[in-house]
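Participant: Below is the structure I would like to discuss, written out as structure tokens.
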2 protein chains.
Amino acid sequence: MDVKTVCLGMLSDGEASGYDLKKHFESTFGHFFAAGYGSIYPALSALLADGFVACREESQSGRPDRKVYRITDAGRQALCHSLNTSKPGHKVRSEFMATMCFAHLMDEKQLDRLLQHRIEEADEYLRMFDEIESTCMHDWPAGKKFVCGFGRALTEATKKYIEENRDLVCERPATQRSASG
Amino acid sequence: MDVKTVCLGMLSDGEASGYDLKKHFESTFGHFFAAGYGSIYPALSALLADGFVACREESQSGRPDRKVYRITDAGRQALCHSLNTSKPGHKVRSEFMATMCFAHLMDEKQLDRLLQHRIEEADEYLRMFDEIESTCMHDWPAGKKFVCGFGRALTEATKKYIEENRDLVCERPATQRSASG
DNA sequence: ATCCCCATGTAATTTGTTACATGATTGA
DNA sequence: TCAATCATGTAACAAATTACATGGGGAT
């Protein structure tokens, strides 16, 4: 499942512009599937060429024109087929964990910074989940609620683990740390 | 932090061949940082060109020759510098979650398959963590232990969440499900 | 003044994946 | 006899990120 398919899925919930989709990627999809304009706009062009979406241009006063995309019947069919036949993966690429493997080569300040940063990022996500739950989640389909809860569970587990285990890598005798660079 | 740096880090724990590194990627690093031969061998060539590793060719009877790489002083310095200055990310790319967002467009069999598959993958990882903990973890540095525990915590949270919430998306009235394709 | 929001897109670059190419040995 | 393990590497391909390019309106 690539950016193209995710865009198609988003459009199955209602029409939107590329700019709108980016917002959606940043907010509700941000914690598990990132995409920038450089992927979204080409994806929409490809979907249009495939006949999976249709496009209408909207003029706005004092604003740039926007291209509003909506899914077609063919698009809906292709989406369903894709969802029902694919074997979706779940990949983590954590430079953080890779770095932590070599904690003994880092100085304590950097180590602290990294752990602190990760906790703060977790807090940001938790605030986001709170907001989603208190505003738009009520009219979401079950699948999206499941995913939101999943994100929260993983984020909470992350925060808890780091808080409970940071002394495993910090607060060691200074001699174990080597000088940097 | 790219494959090149992770390879360099692995070599800071002791010399190894590209084949050995691949094994390492598959086992202990597999749950958070994937790399295939297509990335590893070019990475080693680049590290050699940079002077960050040295290489010795070993002839073996009845086996292909192996190129054993070891880190140099310059390499160790570069690694430390990289570890102490980088801002490592932690990215999740979950086609699984993206797919689950559109659970209402899937048939129940596919939904069951996906959830089951995810639980099985979690179980595999848990077995891996068990093995690591009972065999090699005792002589690991604190950072690696931290990462292993982190992986276990996330995997357990994953399994728990899916088991406790799968009825959110499954076992719904059949009318909510649309036909596929 | 300056920055952010709106809004679209292309091009270059980076990065990683997959397939290809080779070949002896060992165990089932 | 067949598959797996050991062992290295290249080339083609796919995919996403980053930078570039443009420009008015509104808030501080």
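Following the order of the structure tokens, chains are lettered A, B, ..., residues in each are numbered from 1, and ligands are numbered from 1.
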At a cut-off of 8 Å, which residues of chain D touch chain B? Count only C-alpha atoms (C1' of nucleotides) and give the answer as a VMD selection string.

Facilitator: chain D and resid 6 to 7 9

Participant: Write the selection just made, keeping C-alpha atoms (C1' of nucleotides), as an mmCIF file, in the first residue's frame?

Facilitator:
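result.cif was written with the following content:
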data_model
loop_
_atom_site.group_PDB
_atom_site.id
_atom_site.type_symbol
_atom_site.label_atom_id
_atom_site.label_comp_id
_atom_site.auth_asym_id
_atom_site.auth_seq_id
_atom_site.Cartn_x
_atom_site.Cartn_y
_atom_site.Cartn_z
ATOM 1 C "C1'" DC D 6 27.834 -19.868 3.146
ATOM 2 C "C1'" DA D 7 29.622 -15.671 0.546
ATOM 3 C "C1'" DG D 9 28.655 -8.205 -5.408
#

Participant: Select from chain A everything DSSP, run on the backbone, classes as strand (DSSP E or B), then give the selection as a PyMOL selection string.

Facilitator: chain A and resi 16+53-58+66-71+90-94

Participant: Taking 4 positions as the minimum chain separation for residues in the same chain, which residues sit within 8 Å of stretch 78-92 of chain B when counting only C-alpha atoms (C1' of nucleotides)? Answer as number ranges by chain.

Facilitator: A: 31-33, 90-97, 99, 102, 105-107, 110, 114, 180-181; B: 1, 5, 8-9, 52, 74

Participant: Enter the distance from atom CA of A:Leu154 to atom CA of A:Leu11, in Å, rounded to one decimal.

Facilitator: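 Computed distance, atom CA of A:Leu154 to atom CA of A:Leu11, equals 26.9 Å.
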
Participant: Residues of chain A classed as helix (DSSP H, G or I) by DSSP on the backbone are to be reported as JSON, numbers by chain.

Facilitator: {"A": [3, 4, 5, 6, 7, 8, 9, 10, 11, 18, 19, 20, 21, 22, 23, 24, 25, 26, 37, 38, 39, 40, 41, 42, 43, 44, 45, 46, 47, 48, 49, 50, 73, 74, 75, 76, 77, 78, 79, 80, 81, 82, 83, 84, 85, 95, 96, 97, 98, 99, 100, 103, 104, 105, 108, 109, 110, 111, 112, 113, 114, 115, 116, 117, 118, 119, 120, 121, 122, 123, 124, 125, 126, 127, 128, 129, 130, 131, 132, 133, 134, 137, 138, 139, 142, 143, 144, 145, 146, 147, 148, 149, 150, 151, 152, 153, 154, 155, 156, 157, 158, 159, 160, 161, 162, 163, 164, 165, 166, 167, 168, 169, 174, 175, 176]}

Participant: Please produce, as JSON lines, a per-residue contact table for chain C versus chain A (criterion: any atom at most 8 Å away, only C-alpha atoms (C1' of nucleotides) considered), showing the nearest atom pair and its distance in Å to one decimal, sorted by chain then residue number.

Facilitator:
{"residue": "C:DC6", "atom": "C1'", "partner": "A:Arg63", "partner_atom": "CA", "distance": 6.4}
{"residue": "C:DA7", "atom": "C1'", "partner": "A:Pro64", "partner_atom": "CA", "distance": 5.4}
{"residue": "C:DG9", "atom": "C1'", "partner": "A:Tyr41", "partner_atom": "CA", "distance": 7.3}

Participant: Please provide the set of residues having any atom within 8 Å of A:Ser12, restricted to only C-alpha atoms (C1' of nucleotides), with same-chain residues fewer than 5 positions apart removed, written as a PyMOL selection string.

Facilitator: chain A and resi 70-71+76

Participant: Record the distance separating atom CA of B:Lys23 and atom CA of B:Cys7, expressed in Å with one decimal.

Facilitator: 11.8 Å

Participant: Using only C-alpha atoms, which of B:Glu26, B:Glu131, B:Glu124, B:Glu108 sits nearest chain A?

Facilitator: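 Closest residue, counting only C-alpha atoms: B:Glu108.
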
Participant: I want to know what sits within 12 Å of D:DA21, based on only C-alpha atoms (C1' of nucleotides), with residues of the same chain fewer than 3 positions away left out; could you give that as a list in words?

Facilitator: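 The contact residues come out as DT8, DG9, DT10 and DA11 of chain C.
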
Participant: One decimal, Å: what's the distance from atom CA of A:Leu126 over to atom CA of A:Leu168, could you say?

Facilitator: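 Computed distance, atom CA of A:Leu126 to atom CA of A:Leu168, equals 24.7 Å.
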
Participant: For stretch 140-153 of chain B, work out the shell of residues within 10 Å, counting only C-alpha atoms (C1' of nucleotides) and skipping chain neighbours fewer than 3 positions away, then give it as a ChimeraX atom specification.

Facilitator: /A:96-105,154,157-158,160-162,165-170,172 /B:13,28-29,31-32,122,125-130,132-133,136-137,156-158

Participant: Include N, CA and C atoms and write out the residues we just selected as a short mmCIF file (atom, residue, chain, number, x, y, z; two decimals), in the first residue's frame.

Facilitator:
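Writing the result to out25.cif gives the following:
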data_model
loop_
_atom_site.label_atom_id
_atom_site.label_comp_id
_atom_site.auth_asym_id
_atom_site.auth_seq_id
_atom_site.Cartn_x
_atom_site.Cartn_y
_atom_site.Cartn_z
N PHE A 96 16.54 6.24 16.32
CA PHE A 96 16.65 6.38 17.77
C PHE A 96 17.15 5.09 18.42
N MET A 97 16.51 3.96 18.10
CA MET A 97 16.93 2.69 18.70
C MET A 97 18.33 2.31 18.22
N ALA A 98 18.59 2.54 16.93
CA ALA A 98 19.92 2.24 16.39
C ALA A 98 20.97 3.02 17.15
N THR A 99 20.69 4.27 17.41
CA THR A 99 21.62 5.12 18.16
C THR A 99 21.79 4.62 19.59
N MET A 100 20.67 4.29 20.22
CA MET A 100 20.70 3.84 21.61
C MET A 100 21.53 2.57 21.79
N CYS A 101 21.62 1.77 20.75
CA CYS A 101 22.45 0.56 20.83
C CYS A 101 23.90 0.88 21.15
N PHE A 102 24.29 2.10 20.81
CA PHE A 102 25.68 2.50 21.03
C PHE A 102 25.77 3.59 22.09
N ALA A 103 24.87 3.52 23.05
CA ALA A 103 24.79 4.52 24.12
C ALA A 103 26.13 4.68 24.85
N HIS A 104 26.89 3.57 24.93
CA HIS A 104 28.17 3.62 25.65
C HIS A 104 29.20 4.49 24.93
N LEU A 105 28.90 4.90 23.69
CA LEU A 105 29.82 5.78 22.94
C LEU A 105 29.35 7.23 22.97
N LEU A 154 0.50 2.37 21.66
CA LEU A 154 1.93 2.28 21.37
C LEU A 154 2.68 3.48 21.95
N ALA A 157 2.93 3.10 25.67
CA ALA A 157 3.93 2.07 25.99
C ALA A 157 5.35 2.63 25.82
N THR A 158 5.53 3.42 24.78
CA THR A 158 6.83 4.06 24.53
C THR A 158 7.23 4.94 25.70
N LYS A 160 6.07 5.09 28.77
CA LYS A 160 6.22 4.32 30.01
C LYS A 160 7.58 3.61 30.04
N TYR A 161 7.91 2.97 28.93
CA TYR A 161 9.17 2.23 28.90
C TYR A 161 10.38 3.14 29.11
N ILE A 162 10.37 4.26 28.40
CA ILE A 162 11.52 5.16 28.52
C ILE A 162 11.63 5.71 29.94
N ASN A 165 12.91 3.00 32.31
CA ASN A 165 14.18 2.34 32.04
C ASN A 165 15.34 3.27 31.67
N ARG A 166 15.09 4.56 31.77
CA ARG A 166 16.16 5.47 31.35
C ARG A 166 17.39 5.36 32.26
N ASP A 167 17.20 4.94 33.48
CA ASP A 167 18.35 4.76 34.37
C ASP A 167 19.22 3.57 33.95
N LEU A 168 18.70 2.76 33.04
CA LEU A 168 19.50 1.65 32.50
C LEU A 168 20.70 2.18 31.72
N VAL A 169 20.49 3.30 31.04
CA VAL A 169 21.57 3.86 30.22
C VAL A 169 22.17 5.14 30.79
N CYS A 170 21.40 5.90 31.59
CA CYS A 170 21.95 7.11 32.19
C CYS A 170 22.48 6.79 33.58
N ARG A 172 25.35 6.34 34.85
CA ARG A 172 26.38 5.31 35.01
C ARG A 172 27.66 6.00 35.47
N ASP B 13 31.65 -3.12 17.65
CA ASP B 13 31.56 -4.20 18.64
C ASP B 13 32.47 -5.38 18.30
N THR B 28 18.93 -9.24 15.81
CA THR B 28 18.71 -8.24 16.86
C THR B 28 18.22 -6.88 16.36
N PHE B 29 18.58 -6.50 15.13
CA PHE B 29 18.15 -5.19 14.64
C PHE B 29 16.86 -5.27 13.82
N HIS B 31 13.76 -5.76 14.23
CA HIS B 31 12.48 -5.15 14.58
C HIS B 31 12.46 -3.64 14.48
N PHE B 32 13.59 -3.01 14.22
CA PHE B 32 13.57 -1.55 14.12
C PHE B 32 14.44 -0.98 13.01
N ALA B 122 3.89 -10.66 16.03
CA ALA B 122 4.26 -10.25 17.39
C ALA B 122 4.81 -11.44 18.17
N TYR B 125 8.34 -12.22 17.20
CA TYR B 125 9.27 -11.28 17.81
C TYR B 125 9.48 -11.62 19.29
N LEU B 126 8.39 -11.96 19.98
CA LEU B 126 8.52 -12.28 21.40
C LEU B 126 9.41 -13.50 21.62
N ARG B 127 9.28 -14.49 20.74
CA ARG B 127 10.16 -15.66 20.82
C ARG B 127 11.61 -15.24 20.60
N MET B 128 11.79 -14.33 19.65
CA MET B 128 13.15 -13.84 19.37
C MET B 128 13.72 -13.14 20.61
N PHE B 129 12.92 -12.30 21.23
CA PHE B 129 13.39 -11.59 22.41
C PHE B 129 13.73 -12.59 23.53
N ASP B 130 12.89 -13.62 23.69
CA ASP B 130 13.17 -14.65 24.69
C ASP B 130 14.54 -15.28 24.44
N ILE B 132 17.08 -14.11 22.70
CA ILE B 132 18.15 -13.15 22.92
C ILE B 132 18.46 -13.04 24.41
N GLU B 133 17.39 -12.92 25.21
CA GLU B 133 17.57 -12.72 26.64
C GLU B 133 18.22 -13.92 27.32
N CYS B 136 22.47 -14.35 24.50
CA CYS B 136 23.57 -13.40 24.32
C CYS B 136 23.43 -12.08 25.07
N MET B 137 22.25 -11.79 25.61
CA MET B 137 22.05 -10.45 26.13
C MET B 137 22.92 -10.11 27.33
N GLU B 156 4.68 -6.32 22.97
CA GLU B 156 3.64 -6.77 23.91
C GLU B 156 2.44 -5.84 23.87
N ALA B 157 2.70 -4.54 23.79
CA ALA B 157 1.60 -3.58 23.71
C ALA B 157 0.78 -3.79 22.44
N THR B 158 1.48 -4.10 21.35
CA THR B 158 0.80 -4.37 20.08
C THR B 158 -0.14 -5.56 20.22
#

Participant: Looking at only C-alpha atoms, which of A:Met10, A:Val53, A:Ala16, A:Ile40 is the one that sits closest to chain B?

Facilitator: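 Checking each of A:Met10, A:Val53, A:Ala16, A:Ile40 against chain B, counting only C-alpha atoms, the winner is A:Met10.
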
Participant: Name the closest residue to chain B among the candidates A:Leu111, A:Ala54, A:Leu44, A:Ile119; distances are taken between atoms, counting only C-alpha atoms.

Facilitator: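 Comparing A:Leu111, A:Ala54, A:Leu44, A:Ile119 against chain B, the winner is A:Leu111.
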